[in-house]
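In what follows, a single structure is set out as structure tokens and then discussed.
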Amino acid sequence: DQQVKQNSPSLSVQEGRISILNCDYTNSMFDYFLWYKKYPAEGPTFLISISSIKDKNEDGRFTVFLNKSAKHLSLHIVPSQPGDSAVYFCAARTSGTYKYIFGTGTRLKVLA
Amino acid sequence: EPEVTQTPSHQVTQMGQEVILRCVPISNHLYFYWYRQILGQKVEFLVSFYNNEISEKSEIFDDQFSVERPDGSNFTLKIRSTKLEDSAMYFCASKQGDQETQYFGPGTRLLVL
């Protein structure tokens with residue numbers, strides 16, 4: 001039951017360019033979405049989030065876009081830096097619960 | 001910056017043995033969680049805990065699992081009789097009452113032989 005899907009297992013981007021990580025979901029009851037970054041042997045680190053009442057949230061180099069009609073969200077990182085190389089997970093929750101449903105992750109590699 | 005801590009970082013155990021994984025959530029947080037990630041798979045929710053009781057649990061969290069907040073700082077996950085398929089990275093997370101974001105610890109890698 002994959003309610004949250006990240007269809008690209010990996011992505012390589014040149015330093016300074018834009019990284020776009022995508023996430024699709026099936027549950028229309030999700031009302032809050034988050035992106036986490038994970039380095040090997042560490043726990044997920046919160047990056048940015050968005051409520052379903054918004055379609056965009058920006059924090060420095062990171063912007064998350066939400067398209068509710070398409071049940072799609074994306075994370076834009078610009079400019080990409082080598083230190084951004086990690087696995088990125090999107091996560092979602094439904095109203096009334098604090099259980100996060102995670103995607104399978106996308107491994108981003110930023111090339112210097 | 002305050003952070004969630006977990007001990008041990010690695011645990012190796014024999015099948016059928018009991019293990020206790022320990023977490024110290026961020027001090028002013030009120031909601032506590034356990035997740036796990038089997039190697040190569042996604043992070044999966046196990047259980048949430050608030051006000052000294054389980055508020056939500058997944059189908060993974062069966063009778064072999066239990067959680068406890070034995071004092072004001074620790075939050076533990078006990079697996080009574082470990083199985084091979086319990087081998088995974090276990091993450092603890094915590095959250096303030098009025099915020100959405102859960103903050104994760106570094107994880108405990110459990111290997112059941």
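Identifiers for the structure tokens are assigned positionally: chains receive A, B, ... in sequence, residues are indexed from 1 per chain, and ligands are indexed from 1 in the order shown.
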
Each chain A residue no farther than 9 Å from chain B, nearest pair in Å, only C-alpha atoms, as a Markdown table:
```
| residue | atom | partner | partner_atom | distance |
| --- | --- | --- | --- | --- |
| A:Tyr32 | CA | B:Glu100 | CA | 8.3 |
| A:Leu34 | CA | B:Thr101 | CA | 8.0 |
| A:Ala41 | CA | B:Pro106 | CA | 7.1 |
| A:Glu42 | CA | B:Pro106 | CA | 4.5 |
| A:Gly43 | CA | B:Pro106 | CA | 4.0 |
| A:Pro44 | CA | B:Phe104 | CA | 5.9 |
| A:Thr45 | CA | B:Phe104 | CA | 6.7 |
| A:Phe46 | CA | B:Tyr103 | CA | 6.8 |
| A:Ser49 | CA | B:Thr101 | CA | 8.1 |
| A:Phe89 | CA | B:Lys42 | CA | 8.7 |
| A:Thr97 | CA | B:Glu56 | CA | 7.9 |
| A:Tyr98 | CA | B:Ser48 | CA | 7.6 |
| A:Lys99 | CA | B:Phe45 | CA | 6.5 |
| A:Tyr100 | CA | B:Phe45 | CA | 6.6 |
| A:Ile101 | CA | B:Glu44 | CA | 7.0 |
| A:Phe102 | CA | B:Val43 | CA | 5.8 |
| A:Gly103 | CA | B:Lys42 | CA | 6.2 |
| A:Thr104 | CA | B:Lys42 | CA | 4.5 |
| A:Gly105 | CA | B:Lys42 | CA | 7.0 |
```

Please provide as number ranges by chain all residues within 12 Å of B:Asn51, with the sequence filter that same-chain residues fewer than 6 positions apart are discarded (counting only C-alpha atoms).
B: 29-32, 68-69, 72, 97

Can you measure atom CA of A:Asn7 to atom CA of B:Glu85 for me? One decimal in Å is fine.
25.5 Å

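Note that the spacing between atom CA of A:Ala91 and atom CA of B:Asp98 amounts to 18.8 Å.
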
Got a sec: who's within 7 Å of A:Pro82, counting only C-alpha atoms, leaving out chain neighbours fewer than 3 positions off, as a list of chain:residue names?
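Once the adjacent positions are removed, what remains is A:Glu15, A:Ser85, A:Val110, A:Leu111, A:Ala112.
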
Find the residues near A:Thr94: any atom within 8 Å, counting only C-alpha atoms, skip ones fewer than 6 places away on the same chain, and give them as an NGL selection string.
:A and (29-32)

Which of chain B end up as strand (DSSP E) when DSSP is run on this backbone - answer as an NGL selection string?
:B and (5-7 or 10-13 or 19-24 or 31-37 or 43-50 or 53-57 or 65-68 or 75-79 or 88-95 or 103-104 or 108-112)

Fewer than 5 positions away in the same chain doesn't count, so skip those; otherwise give me all residues within 9 Å of A:Ile50, counting only C-alpha atoms, as a list of chain:residue names.
A:Asp31, A:Tyr32, A:Phe33, A:Leu34, A:Trp35, A:Asp55, A:Lys56, A:Asn57, A:Val64, A:Phe65, A:Leu66

From atom CA of B:Thr7 to atom CA of B:Lys83 the spacing works out at 20.2 Å

Option closest in space to B:Leu111, from B:Gln6, B:Gln96, B:Gln14, B:Asn28 [counting only C-alpha atoms]:
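Looking only at the distances to B:Leu111, the closest residue turns out to be B:Gln14.
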
Report as a PyMOL selection string all protein, DNA and RNA residues lying within 12 Å of A:Ile18, evaluated on only C-alpha atoms, omitting residues in the same chain fewer than 5 positions from it.
chain A and resi 11-13+61-63+75-81+84+108-111

Nearby residues (only C-alpha atoms) at most 10 Å from B:Ser81, same-chain spacing under 3 positions excluded, as a list in words
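That gives Gln14, Met15, Gly16, Gln17, Glu18, Val19, Asp63, Gln64, Phe65, Lys78 and Asp86 of chain B.
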
Would you put the residues from that selection into a file with N, CA and C atoms, as a PDB file, in the first residue's frame?
```pdb
ATOM      1  N   GLN B  14      20.272 -12.356  19.542  1.00  0.00           N
ATOM      2  CA  GLN B  14      19.855 -13.650  19.027  1.00  0.00           C
ATOM      3  C   GLN B  14      18.329 -13.678  18.901  1.00  0.00           C
ATOM      4  N   MET B  15      17.864 -14.366  17.897  1.00  0.00           N
ATOM      5  CA  MET B  15      16.425 -14.534  17.708  1.00  0.00           C
ATOM      6  C   MET B  15      15.789 -15.074  18.993  1.00  0.00           C
ATOM      7  N   GLY B  16      14.665 -14.496  19.364  1.00  0.00           N
ATOM      8  CA  GLY B  16      13.963 -14.920  20.574  1.00  0.00           C
ATOM      9  C   GLY B  16      14.314 -14.115  21.811  1.00  0.00           C
ATOM     10  N   GLN B  17      15.374 -13.333  21.729  1.00  0.00           N
ATOM     11  CA  GLN B  17      15.779 -12.516  22.872  1.00  0.00           C
ATOM     12  C   GLN B  17      14.975 -11.222  22.912  1.00  0.00           C
ATOM     13  N   GLU B  18      14.931 -10.647  24.096  1.00  0.00           N
ATOM     14  CA  GLU B  18      14.278  -9.346  24.285  1.00  0.00           C
ATOM     15  C   GLU B  18      15.296  -8.236  24.081  1.00  0.00           C
ATOM     16  N   VAL B  19      14.859  -7.161  23.446  1.00  0.00           N
ATOM     17  CA  VAL B  19      15.711  -5.976  23.329  1.00  0.00           C
ATOM     18  C   VAL B  19      14.925  -4.746  23.769  1.00  0.00           C
ATOM     19  N   ASP B  63       1.794  -7.571  19.483  1.00  0.00           N
ATOM     20  CA  ASP B  63       1.943  -7.820  20.922  1.00  0.00           C
ATOM     21  C   ASP B  63       3.401  -8.010  21.356  1.00  0.00           C
ATOM     22  N   GLN B  64       4.283  -8.205  20.395  1.00  0.00           N
ATOM     23  CA  GLN B  64       5.700  -8.355  20.735  1.00  0.00           C
ATOM     24  C   GLN B  64       6.357  -7.013  21.055  1.00  0.00           C
ATOM     25  N   PHE B  65       5.678  -5.935  20.691  1.00  0.00           N
ATOM     26  CA  PHE B  65       6.236  -4.605  20.889  1.00  0.00           C
ATOM     27  C   PHE B  65       5.532  -3.913  22.058  1.00  0.00           C
ATOM     28  N   LYS B  78      10.391  -1.758  23.473  1.00  0.00           N
ATOM     29  CA  LYS B  78      10.797  -3.115  23.827  1.00  0.00           C
ATOM     30  C   LYS B  78      10.246  -4.093  22.805  1.00  0.00           C
ATOM     31  N   ASP B  86      12.823  -8.516  12.371  1.00  0.00           N
ATOM     32  CA  ASP B  86      12.874  -7.282  13.156  1.00  0.00           C
ATOM     33  C   ASP B  86      14.168  -6.510  12.901  1.00  0.00           C
TER      34      ASP B  86
END
```
